[in-house]
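Engineer: Let me give you the structure first, and then I'll get to my questions.
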Amino acid sequence: MKATPALTGIISMTGFAQARAERDGSSVRINLRSVNHRFLDLHLRMPDGFEVFESRIRQAIRNRLRRGHVDVNIYFEAGGTGAIEVNHDMVESYMKAVEQLREKFGMKTEPNLFELFRLPGVVATPGPASDLRTEEEQESLGQQVEACLEQALNKLEAMRRSEGQALTVEMQGILGQIAARTSEIETLAERVRPAIARRLAERLEELLKGMQLDPIRLAQEAAMIAERSDVSEELARLRSHVEQFGKLLAGAGEAGKKLDFLLQEMQREANTLLSKTPGVESEGLAITGLALEVKSDIEKLREQAQNVE
């Protein structure tokens, strides 16, 4: 089975698909259900005799999917009038047991043939693959399974891409909020330095009670405090991470792990912003509030990114 060309846009790991393929009266039906997972985790449920196709099925799925917990359920309905067989030896054994019970307990009830057909082993449905007599028959069934699987994978991929588009729209909105709050923090940070100098002067004046202050020393102290409270580098890195995140959302391929890494870096910058925020008048309080909002937005992004392949 050939893999389809990669398309643009992120892909969700959540999806469901069902397909059916019929040939010579027989029918193969495949259900696929996928949810988020760190790696590609395949769980196959197949009829007896389909084990010969397992490696082909797994490889076909690996060619199309990269991450996600995927449940694969395969159902088979044999064709032809000879699909059902009666095990006469088993019926004879049951009838002998019935006669023994009737003689022992004096029962006169006649056995019900319809109920007899429900007993284990009476009616046998030959296994689809194990009972195939030739390699040609087995290969024909394998091609039928592959055709059905390809249909199911196409439908699953379409749904996962549709879910990915919805995730993109939602994450782009959150990303825009982070960018806007970053700009607000940058504006407030520019007003912090003079506020620090003013508060330092007021504090020193209160402590020295009118004594003459050295302007040079005051400027030096204010500069040191301002440097410890400077968040320009954190803001620059945060803007860069936001830009890279947006490019990944608009790109193609496996983006989930890259998004997760960027979110860790964004969270680190937000934490540093909070640790360096000066407690000076309204500016510091505003920066703290905005940094907390950024952290909250990053967590929202993280929840959504968990579903990205």
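Note on naming: chains are A, B, ... as they come in the structure tokens, residues start from 1 per chain, ligands start from 1 in the order shown.
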Can you tell me, as a list in words, what residues are no more than 12 Å from A:Gln264 when counting only C-alpha atoms, ignoring any on the same chain fewer than 5 positions away?

Structural biologist: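 My reading of the contact set: Leu238, His241, Val242, Phe245, Lys257, Lys258, Leu259, Glu269, Ala270, Asn271, Lys295, Ile298, Glu299, Leu301, Arg302 and Ala305 of chain A.
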
Engineer: Tell me, as a ChimeraX atom specification, which residues lie within 12 Å of A:Leu116, counting only C-alpha atoms; anything in the same chain fewer than 2 positions away does not count.

Structural biologist: /A:86-88,90-95,98,110-114,118-123

Engineer: Next, dump the selected residues to file, keeping only C-alpha atoms, as a short mmCIF file (atom, residue, chain, number, x, y, z; two decimals), in the first residue's frame.

Structural biologist:
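Saved result, result06.cif, follows:
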data_model
loop_
_atom_site.label_atom_id
_atom_site.label_comp_id
_atom_site.auth_asym_id
_atom_site.auth_seq_id
_atom_site.Cartn_x
_atom_site.Cartn_y
_atom_site.Cartn_z
CA VAL A 86 -22.81 -29.13 10.57
CA ASN A 87 -20.51 -31.26 12.70
CA HIS A 88 -22.36 -34.59 12.56
CA MET A 90 -20.72 -33.54 17.56
CA VAL A 91 -24.49 -33.82 16.97
CA GLU A 92 -24.31 -37.59 17.52
CA SER A 93 -22.48 -37.06 20.82
CA TYR A 94 -25.13 -34.60 22.00
CA MET A 95 -27.96 -36.94 21.00
CA VAL A 98 -29.78 -36.67 25.60
CA GLU A 110 -38.00 -34.65 22.48
CA PRO A 111 -34.86 -32.61 21.66
CA ASN A 112 -35.40 -29.28 19.88
CA LEU A 113 -33.40 -29.16 16.66
CA PHE A 114 -33.20 -25.35 16.62
CA ARG A 118 -26.98 -23.33 19.19
CA LEU A 119 -24.85 -25.80 21.09
CA PRO A 120 -21.06 -25.30 20.90
CA GLY A 121 -19.37 -27.05 18.01
CA VAL A 122 -22.54 -28.09 16.14
CA VAL A 123 -22.43 -25.38 13.48
#

Engineer: What is the atom CA of A:Val294-atom CA of A:Gln244 distance in Å, reported with one decimal?

Structural biologist: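 Atom CA of A:Gln244 lies at a distance of 16.5 Å from atom CA of A:Val294.
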
Engineer: Hey, what's within 12 Å of A:Glu303 if we count only C-alpha atoms and toss same-chain stuff fewer than 6 positions away? As a list in words, please?

Structural biologist: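 Counting only C-alpha atoms, the residues come to Asn36, Leu167, Glu170, Met171, Ile174, Gly256, Leu259, Asp260, Leu263, Ser296 and Asp297 of chain A.
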
Engineer: Store the residues of this selection in a file with all heavy atoms, as a PDB file, in the first residue's frame.

Structural biologist:
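Saved as selection.pdb:
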ATOM      1  N   ASN A  36      -4.912  10.294  21.365  1.00  0.00           N
ATOM      2  CA  ASN A  36      -3.536  10.768  21.535  1.00  0.00           C
ATOM      3  C   ASN A  36      -2.671   9.769  22.312  1.00  0.00           C
ATOM      4  O   ASN A  36      -3.130   9.065  23.206  1.00  0.00           O
ATOM      5  CB  ASN A  36      -3.522  12.127  22.235  1.00  0.00           C
ATOM      6  CG  ASN A  36      -4.095  12.068  23.639  1.00  0.00           C
ATOM      7  OD1 ASN A  36      -5.179  11.561  23.848  1.00  0.00           O
ATOM      8  ND2 ASN A  36      -3.384  12.584  24.606  1.00  0.00           N
ATOM      9  N   LEU A 167      -8.117  22.417  15.697  1.00  0.00           N
ATOM     10  CA  LEU A 167      -7.103  22.677  16.712  1.00  0.00           C
ATOM     11  C   LEU A 167      -6.263  23.895  16.348  1.00  0.00           C
ATOM     12  O   LEU A 167      -5.920  24.710  17.205  1.00  0.00           O
ATOM     13  CB  LEU A 167      -6.190  21.460  16.878  1.00  0.00           C
ATOM     14  CG  LEU A 167      -6.725  20.261  17.658  1.00  0.00           C
ATOM     15  CD1 LEU A 167      -5.721  19.113  17.607  1.00  0.00           C
ATOM     16  CD2 LEU A 167      -6.996  20.647  19.111  1.00  0.00           C
ATOM     17  N   GLU A 170      -8.096  27.148  17.081  1.00  0.00           N
ATOM     18  CA  GLU A 170      -8.167  27.413  18.512  1.00  0.00           C
ATOM     19  C   GLU A 170      -6.815  27.831  19.074  1.00  0.00           C
ATOM     20  O   GLU A 170      -6.715  28.792  19.853  1.00  0.00           O
ATOM     21  CB  GLU A 170      -8.673  26.171  19.246  1.00  0.00           C
ATOM     22  CG  GLU A 170      -8.931  26.390  20.732  1.00  0.00           C
ATOM     23  CD  GLU A 170      -9.696  25.252  21.361  1.00  0.00           C
ATOM     24  OE1 GLU A 170     -10.146  24.352  20.623  1.00  0.00           O
ATOM     25  OE2 GLU A 170      -9.862  25.254  22.590  1.00  0.00           O
ATOM     26  N   MET A 171      -5.748  27.142  18.664  1.00  0.00           N
ATOM     27  CA  MET A 171      -4.420  27.471  19.188  1.00  0.00           C
ATOM     28  C   MET A 171      -3.909  28.809  18.646  1.00  0.00           C
ATOM     29  O   MET A 171      -3.207  29.537  19.341  1.00  0.00           O
ATOM     30  CB  MET A 171      -3.437  26.339  18.871  1.00  0.00           C
ATOM     31  CG  MET A 171      -3.664  25.106  19.724  1.00  0.00           C
ATOM     32  SD  MET A 171      -2.312  23.891  19.658  1.00  0.00           S
ATOM     33  CE  MET A 171      -2.575  23.224  18.024  1.00  0.00           C
ATOM     34  N   ILE A 174      -5.306  31.463  20.907  1.00  0.00           N
ATOM     35  CA  ILE A 174      -4.577  31.544  22.177  1.00  0.00           C
ATOM     36  C   ILE A 174      -3.203  32.155  21.960  1.00  0.00           C
ATOM     37  O   ILE A 174      -2.729  32.973  22.765  1.00  0.00           O
ATOM     38  CB  ILE A 174      -4.451  30.149  22.806  1.00  0.00           C
ATOM     39  CG1 ILE A 174      -5.838  29.547  23.073  1.00  0.00           C
ATOM     40  CG2 ILE A 174      -3.643  30.211  24.100  1.00  0.00           C
ATOM     41  CD1 ILE A 174      -5.801  28.108  23.545  1.00  0.00           C
ATOM     42  N   GLY A 256       3.813  17.628  16.733  1.00  0.00           N
ATOM     43  CA  GLY A 256       3.420  17.550  18.139  1.00  0.00           C
ATOM     44  C   GLY A 256       4.571  17.661  19.119  1.00  0.00           C
ATOM     45  O   GLY A 256       4.517  18.422  20.080  1.00  0.00           O
ATOM     46  N   LEU A 259       6.058  21.189  19.124  1.00  0.00           N
ATOM     47  CA  LEU A 259       5.185  22.110  19.845  1.00  0.00           C
ATOM     48  C   LEU A 259       5.349  21.944  21.351  1.00  0.00           C
ATOM     49  O   LEU A 259       5.382  22.933  22.099  1.00  0.00           O
ATOM     50  CB  LEU A 259       3.725  21.871  19.452  1.00  0.00           C
ATOM     51  CG  LEU A 259       3.326  22.221  18.018  1.00  0.00           C
ATOM     52  CD1 LEU A 259       1.870  21.855  17.769  1.00  0.00           C
ATOM     53  CD2 LEU A 259       3.563  23.684  17.717  1.00  0.00           C
ATOM     54  N   ASP A 260       5.457  20.704  21.787  1.00  0.00           N
ATOM     55  CA  ASP A 260       5.622  20.441  23.220  1.00  0.00           C
ATOM     56  C   ASP A 260       6.924  21.056  23.741  1.00  0.00           C
ATOM     57  O   ASP A 260       6.964  21.618  24.834  1.00  0.00           O
ATOM     58  CB  ASP A 260       5.600  18.934  23.469  1.00  0.00           C
ATOM     59  CG  ASP A 260       5.606  18.595  24.947  1.00  0.00           C
ATOM     60  OD1 ASP A 260       4.661  18.990  25.642  1.00  0.00           O
ATOM     61  OD2 ASP A 260       6.557  17.938  25.407  1.00  0.00           O
ATOM     62  N   LEU A 263       6.540  24.804  24.037  1.00  0.00           N
ATOM     63  CA  LEU A 263       5.702  25.154  25.189  1.00  0.00           C
ATOM     64  C   LEU A 263       6.498  25.093  26.488  1.00  0.00           C
ATOM     65  O   LEU A 263       6.291  25.915  27.389  1.00  0.00           O
ATOM     66  CB  LEU A 263       4.495  24.213  25.257  1.00  0.00           C
ATOM     67  CG  LEU A 263       3.422  24.452  24.193  1.00  0.00           C
ATOM     68  CD1 LEU A 263       2.417  23.317  24.166  1.00  0.00           C
ATOM     69  CD2 LEU A 263       2.718  25.782  24.445  1.00  0.00           C
ATOM     70  N   SER A 296      -1.231  30.875  32.001  1.00  0.00           N
ATOM     71  CA  SER A 296      -2.515  30.196  31.817  1.00  0.00           C
ATOM     72  C   SER A 296      -2.751  29.868  30.342  1.00  0.00           C
ATOM     73  O   SER A 296      -3.226  28.773  30.005  1.00  0.00           O
ATOM     74  CB  SER A 296      -3.646  31.082  32.347  1.00  0.00           C
ATOM     75  OG  SER A 296      -4.917  30.488  32.106  1.00  0.00           O
ATOM     76  N   ASP A 297      -2.415  30.811  29.450  1.00  0.00           N
ATOM     77  CA  ASP A 297      -2.574  30.566  28.017  1.00  0.00           C
ATOM     78  C   ASP A 297      -1.666  29.433  27.542  1.00  0.00           C
ATOM     79  O   ASP A 297      -2.059  28.622  26.702  1.00  0.00           O
ATOM     80  CB  ASP A 297      -2.252  31.842  27.225  1.00  0.00           C
ATOM     81  CG  ASP A 297      -3.318  32.918  27.410  1.00  0.00           C
ATOM     82  OD1 ASP A 297      -4.461  32.556  27.728  1.00  0.00           O
ATOM     83  OD2 ASP A 297      -2.997  34.100  27.232  1.00  0.00           O
TER      84      ASP A 297
END

Engineer: Which residue, A:Leu262, A:Ala21, A:Ile178, A:Val192, has the smallest gap to A:Leu292 when you use only C-alpha atoms?

Structural biologist: A:Ile178

Engineer: If you count only C-alpha atoms, which residues fall within 12 Å of A:Val308, apart from same-chain ones fewer than 5 positions away, as an MDAnalysis selection string?

Structural biologist: chainID A and resid 9:15 34:39 65:68 160:168 171 248:249 252:260 301:303

Engineer: List the spatial neighbours of stretch 72-77 of chain A as a list of chain:residue names - criterion: any atom at most 8 Å away, only C-alpha atoms, same-chain residues fewer than 3 positions off excluded.

Structural biologist: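 In the requested format, the answer is A:Ser26, A:Ser27, A:Val28, A:Arg29, A:Ile30, A:Asn31, A:Leu32, A:Arg33, A:Leu42, A:His43, A:Leu44, A:Arg45, A:Met46, A:Pro47, A:Pro128.
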
Engineer: Write out, as a compact mmCIF listing (two decimals), in the first residue's frame, the residues just selected, with N, CA, C and O atoms.

Structural biologist:
# COMPACT_ATOMS: atom_id res chain seq x y z
N SER A 26 -17.72 -12.46 -0.31
CA SER A 26 -17.20 -12.28 1.05
C SER A 26 -17.05 -10.80 1.35
O SER A 26 -16.93 -9.97 0.44
N SER A 27 -17.05 -10.44 2.62
CA SER A 27 -16.99 -9.04 3.04
C SER A 27 -15.99 -8.86 4.17
O SER A 27 -15.99 -9.62 5.14
N VAL A 28 -15.14 -7.84 4.02
CA VAL A 28 -14.21 -7.44 5.07
C VAL A 28 -14.60 -6.04 5.54
O VAL A 28 -14.79 -5.14 4.72
N ARG A 29 -14.73 -5.88 6.84
CA ARG A 29 -15.05 -4.56 7.42
C ARG A 29 -13.98 -4.21 8.45
O ARG A 29 -13.62 -5.05 9.28
N ILE A 30 -13.49 -2.97 8.39
CA ILE A 30 -12.43 -2.53 9.30
C ILE A 30 -12.86 -1.23 9.98
O ILE A 30 -13.28 -0.28 9.32
N ASN A 31 -12.75 -1.22 11.30
CA ASN A 31 -12.99 -0.01 12.09
C ASN A 31 -11.65 0.48 12.66
O ASN A 31 -10.89 -0.31 13.22
N LEU A 32 -11.39 1.76 12.54
CA LEU A 32 -10.19 2.38 13.10
C LEU A 32 -10.60 3.48 14.07
O LEU A 32 -11.45 4.31 13.74
N ARG A 33 -10.02 3.46 15.24
CA ARG A 33 -10.27 4.52 16.24
C ARG A 33 -8.92 4.93 16.82
O ARG A 33 -8.15 4.09 17.29
N LEU A 42 -0.35 0.43 18.34
CA LEU A 42 -1.37 -0.28 17.57
C LEU A 42 -1.94 -1.46 18.36
O LEU A 42 -1.19 -2.25 18.93
N HIS A 43 -3.26 -1.57 18.35
CA HIS A 43 -3.94 -2.71 18.98
C HIS A 43 -4.87 -3.33 17.94
O HIS A 43 -5.85 -2.71 17.52
N LEU A 44 -4.57 -4.57 17.54
CA LEU A 44 -5.32 -5.24 16.48
C LEU A 44 -6.22 -6.32 17.06
O LEU A 44 -5.81 -7.10 17.92
N ARG A 45 -7.45 -6.35 16.57
CA ARG A 45 -8.38 -7.45 16.87
C ARG A 45 -8.86 -8.01 15.53
O ARG A 45 -9.48 -7.30 14.74
N MET A 46 -8.56 -9.31 15.29
CA MET A 46 -8.83 -9.91 13.98
C MET A 46 -9.48 -11.27 14.15
O MET A 46 -9.33 -11.92 15.18
N PRO A 47 -10.17 -11.73 13.11
CA PRO A 47 -10.73 -13.10 13.15
C PRO A 47 -9.60 -14.13 13.11
O PRO A 47 -8.48 -13.84 12.71
N PRO A 128 -11.55 -17.77 7.69
CA PRO A 128 -11.36 -17.15 6.39
C PRO A 128 -9.99 -17.39 5.78
O PRO A 128 -9.87 -17.48 4.58

Engineer: List every residue of stretch 37-170 of chain A that DSSP, applied to the backbone of this structure, assigns to alpha helix (DSSP H), and report them as a short mmCIF file (atom, residue, chain, number, x, y, z; two decimals) with N, CA and C atoms, in the first residue's frame.

Structural biologist:
data_model
loop_
_atom_site.label_atom_id
_atom_site.label_comp_id
_atom_site.auth_asym_id
_atom_site.auth_seq_id
_atom_site.Cartn_x
_atom_site.Cartn_y
_atom_site.Cartn_z
N GLU A 54 -1.06 -9.95 9.58
CA GLU A 54 -0.81 -8.95 10.62
C GLU A 54 0.36 -8.02 10.29
N SER A 55 1.47 -8.58 9.83
CA SER A 55 2.63 -7.72 9.55
C SER A 55 2.33 -6.73 8.44
N ARG A 56 1.57 -7.15 7.43
CA ARG A 56 1.20 -6.25 6.33
C ARG A 56 0.28 -5.15 6.83
N ILE A 57 -0.63 -5.50 7.73
CA ILE A 57 -1.56 -4.50 8.27
C ILE A 57 -0.81 -3.46 9.10
N ARG A 58 0.08 -3.94 9.96
CA ARG A 58 0.83 -3.02 10.82
C ARG A 58 1.72 -2.09 9.98
N GLN A 59 2.37 -2.62 8.96
CA GLN A 59 3.24 -1.80 8.14
C GLN A 59 2.45 -0.75 7.36
N ALA A 60 1.29 -1.16 6.86
CA ALA A 60 0.45 -0.21 6.12
C ALA A 60 0.03 0.96 7.01
N ILE A 61 -0.28 0.66 8.27
CA ILE A 61 -0.68 1.74 9.20
C ILE A 61 0.52 2.61 9.55
N ARG A 62 1.69 1.99 9.76
CA ARG A 62 2.89 2.77 10.07
C ARG A 62 3.26 3.71 8.91
N HIS A 88 -21.49 -33.45 12.27
CA HIS A 88 -22.36 -34.59 12.56
C HIS A 88 -21.86 -35.42 13.74
N ASP A 89 -20.58 -35.53 13.88
CA ASP A 89 -20.04 -36.28 15.02
C ASP A 89 -20.42 -35.60 16.33
N MET A 90 -20.36 -34.28 16.35
CA MET A 90 -20.72 -33.54 17.56
C MET A 90 -22.21 -33.69 17.85
N VAL A 91 -23.04 -33.66 16.80
CA VAL A 91 -24.49 -33.82 16.97
C VAL A 91 -24.78 -35.20 17.54
N GLU A 92 -24.10 -36.22 17.03
CA GLU A 92 -24.31 -37.59 17.52
C GLU A 92 -23.96 -37.70 19.00
N SER A 93 -22.88 -37.03 19.41
CA SER A 93 -22.48 -37.06 20.82
C SER A 93 -23.54 -36.41 21.69
N TYR A 94 -24.07 -35.27 21.24
CA TYR A 94 -25.13 -34.60 22.00
C TYR A 94 -26.38 -35.48 22.10
N MET A 95 -26.76 -36.13 21.00
CA MET A 95 -27.96 -36.94 21.00
C MET A 95 -27.82 -38.14 21.93
N LYS A 96 -26.62 -38.74 21.97
CA LYS A 96 -26.39 -39.85 22.90
C LYS A 96 -26.52 -39.39 24.34
N ALA A 97 -26.00 -38.18 24.61
CA ALA A 97 -26.10 -37.64 25.96
C ALA A 97 -27.56 -37.39 26.32
N VAL A 98 -28.35 -36.91 25.36
CA VAL A 98 -29.78 -36.67 25.60
C VAL A 98 -30.49 -37.98 25.92
N GLU A 99 -30.20 -39.05 25.14
CA GLU A 99 -30.85 -40.34 25.37
C GLU A 99 -30.50 -40.91 26.74
N GLN A 100 -29.26 -40.74 27.16
CA GLN A 100 -28.84 -41.22 28.47
C GLN A 100 -29.60 -40.50 29.58
N LEU A 101 -29.76 -39.18 29.44
CA LEU A 101 -30.50 -38.41 30.44
C LEU A 101 -31.98 -38.79 30.45
N ARG A 102 -32.55 -39.03 29.27
CA ARG A 102 -33.97 -39.42 29.22
C ARG A 102 -34.20 -40.76 29.91
N GLU A 103 -33.30 -41.72 29.68
CA GLU A 103 -33.44 -43.03 30.30
C GLU A 103 -33.24 -42.96 31.80
N LYS A 104 -32.26 -42.16 32.23
CA LYS A 104 -31.93 -42.10 33.65
C LYS A 104 -33.02 -41.41 34.45
N PHE A 105 -33.59 -40.32 33.90
CA PHE A 105 -34.58 -39.55 34.67
C PHE A 105 -36.01 -39.74 34.17
N LEU A 113 -34.49 -29.27 17.64
CA LEU A 113 -33.40 -29.16 16.66
C LEU A 113 -32.82 -27.74 16.59
N PHE A 114 -33.69 -26.73 16.69
CA PHE A 114 -33.20 -25.35 16.62
C PHE A 114 -32.29 -25.04 17.82
N GLU A 115 -32.65 -25.55 18.98
CA GLU A 115 -31.79 -25.36 20.15
C GLU A 115 -30.50 -26.14 20.00
N LEU A 116 -30.59 -27.29 19.31
CA LEU A 116 -29.40 -28.11 19.09
C LEU A 116 -28.36 -27.36 18.26
N PHE A 117 -28.82 -26.58 17.28
CA PHE A 117 -27.90 -25.82 16.44
C PHE A 117 -27.12 -24.76 17.24
N GLU A 135 -2.38 -20.68 -2.22
CA GLU A 135 -1.75 -19.38 -1.98
C GLU A 135 -2.51 -18.27 -2.71
N GLU A 136 -3.09 -18.62 -3.87
CA GLU A 136 -3.85 -17.62 -4.64
C GLU A 136 -5.07 -17.14 -3.85
N GLU A 137 -5.76 -18.08 -3.19
CA GLU A 137 -6.93 -17.70 -2.38
C GLU A 137 -6.50 -16.82 -1.20
N GLN A 138 -5.40 -17.20 -0.58
CA GLN A 138 -4.91 -16.41 0.56
C GLN A 138 -4.49 -15.01 0.11
N GLU A 139 -3.81 -14.92 -1.03
CA GLU A 139 -3.36 -13.62 -1.53
C GLU A 139 -4.56 -12.76 -1.93
N SER A 140 -5.59 -13.39 -2.49
CA SER A 140 -6.79 -12.64 -2.86
C SER A 140 -7.44 -12.00 -1.64
N LEU A 141 -7.53 -12.79 -0.54
CA LEU A 141 -8.09 -12.24 0.69
C LEU A 141 -7.19 -11.14 1.25
N GLY A 142 -5.86 -11.33 1.16
CA GLY A 142 -4.94 -10.30 1.63
C GLY A 142 -5.12 -8.99 0.88
N GLN A 143 -5.33 -9.07 -0.44
CA GLN A 143 -5.56 -7.86 -1.23
C GLN A 143 -6.88 -7.20 -0.84
N GLN A 144 -7.87 -8.02 -0.52
CA GLN A 144 -9.16 -7.48 -0.08
C GLN A 144 -9.01 -6.73 1.24
N VAL A 145 -8.23 -7.31 2.16
CA VAL A 145 -7.97 -6.65 3.44
C VAL A 145 -7.22 -5.34 3.24
N GLU A 146 -6.21 -5.34 2.36
CA GLU A 146 -5.43 -4.13 2.11
C GLU A 146 -6.28 -3.03 1.49
N ALA A 147 -7.14 -3.41 0.56
CA ALA A 147 -8.02 -2.42 -0.07
C ALA A 147 -8.96 -1.79 0.96
N CYS A 148 -9.50 -2.64 1.84
CA CYS A 148 -10.40 -2.13 2.88
C CYS A 148 -9.65 -1.23 3.86
N LEU A 149 -8.44 -1.66 4.22
CA LEU A 149 -7.63 -0.88 5.15
C LEU A 149 -7.27 0.48 4.56
N GLU A 150 -6.95 0.51 3.27
CA GLU A 150 -6.61 1.79 2.64
C GLU A 150 -7.80 2.75 2.66
N GLN A 151 -8.99 2.24 2.40
CA GLN A 151 -10.18 3.08 2.48
C GLN A 151 -10.35 3.64 3.89
N ALA A 152 -10.18 2.77 4.89
CA ALA A 152 -10.35 3.20 6.28
C ALA A 152 -9.30 4.24 6.66
N LEU A 153 -8.05 4.02 6.23
CA LEU A 153 -6.99 4.97 6.55
C LEU A 153 -7.22 6.32 5.87
N ASN A 154 -7.73 6.30 4.64
CA ASN A 154 -8.04 7.56 3.97
C ASN A 154 -9.10 8.35 4.74
N LYS A 155 -10.13 7.65 5.20
CA LYS A 155 -11.19 8.31 5.96
C LYS A 155 -10.66 8.81 7.31
N LEU A 156 -9.82 7.98 7.96
CA LEU A 156 -9.27 8.38 9.25
C LEU A 156 -8.38 9.60 9.09
N GLU A 157 -7.55 9.60 8.07
CA GLU A 157 -6.67 10.74 7.84
C GLU A 157 -7.46 12.01 7.56
N ALA A 158 -8.54 11.89 6.79
CA ALA A 158 -9.38 13.05 6.51
C ALA A 158 -9.97 13.62 7.79
N MET A 159 -10.44 12.73 8.67
CA MET A 159 -11.01 13.20 9.93
C MET A 159 -9.94 13.81 10.81
N ARG A 160 -8.76 13.19 10.87
CA ARG A 160 -7.68 13.72 11.70
C ARG A 160 -7.20 15.08 11.20
N ARG A 161 -7.22 15.27 9.88
CA ARG A 161 -6.84 16.57 9.33
C ARG A 161 -7.91 17.63 9.64
N SER A 162 -9.17 17.22 9.56
CA SER A 162 -10.25 18.14 9.90
C SER A 162 -10.16 18.56 11.37
N GLU A 163 -9.89 17.58 12.24
CA GLU A 163 -9.72 17.89 13.66
C GLU A 163 -8.49 18.78 13.85
N GLY A 164 -7.45 18.54 13.04
CA GLY A 164 -6.25 19.36 13.12
C GLY A 164 -6.51 20.81 12.75
N GLN A 165 -7.36 21.03 11.76
CA GLN A 165 -7.72 22.39 11.37
C GLN A 165 -8.44 23.11 12.51
N ALA A 166 -9.34 22.39 13.17
CA ALA A 166 -10.05 22.99 14.30
C ALA A 166 -9.08 23.32 15.44
N LEU A 167 -8.12 22.42 15.70
CA LEU A 167 -7.10 22.68 16.71
C LEU A 167 -6.26 23.90 16.35
N THR A 168 -5.93 24.01 15.06
CA THR A 168 -5.11 25.14 14.61
C THR A 168 -5.80 26.46 14.89
N VAL A 169 -7.07 26.54 14.54
CA VAL A 169 -7.82 27.79 14.76
C VAL A 169 -7.84 28.15 16.24
N GLU A 170 -8.10 27.15 17.08
CA GLU A 170 -8.17 27.41 18.51
C GLU A 170 -6.82 27.83 19.07
#

Engineer: Which value, in Å to one decimal, gives the distance between atom CA of A:Glu293 and atom CA of A:Arg237?

Structural biologist: 17.3 Å

Engineer: Atom CA of A:Gln172 to atom CA of A:Leu285: how many Å, to one decimal?

Structural biologist: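 The value is 27.2 Å.
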
Engineer: Quick one: of A:Glu309, A:Glu283, A:Glu265, A:Asp71, who's nearest to A:Leu188, counting only C-alpha atoms?

Structural biologist: A:Glu283
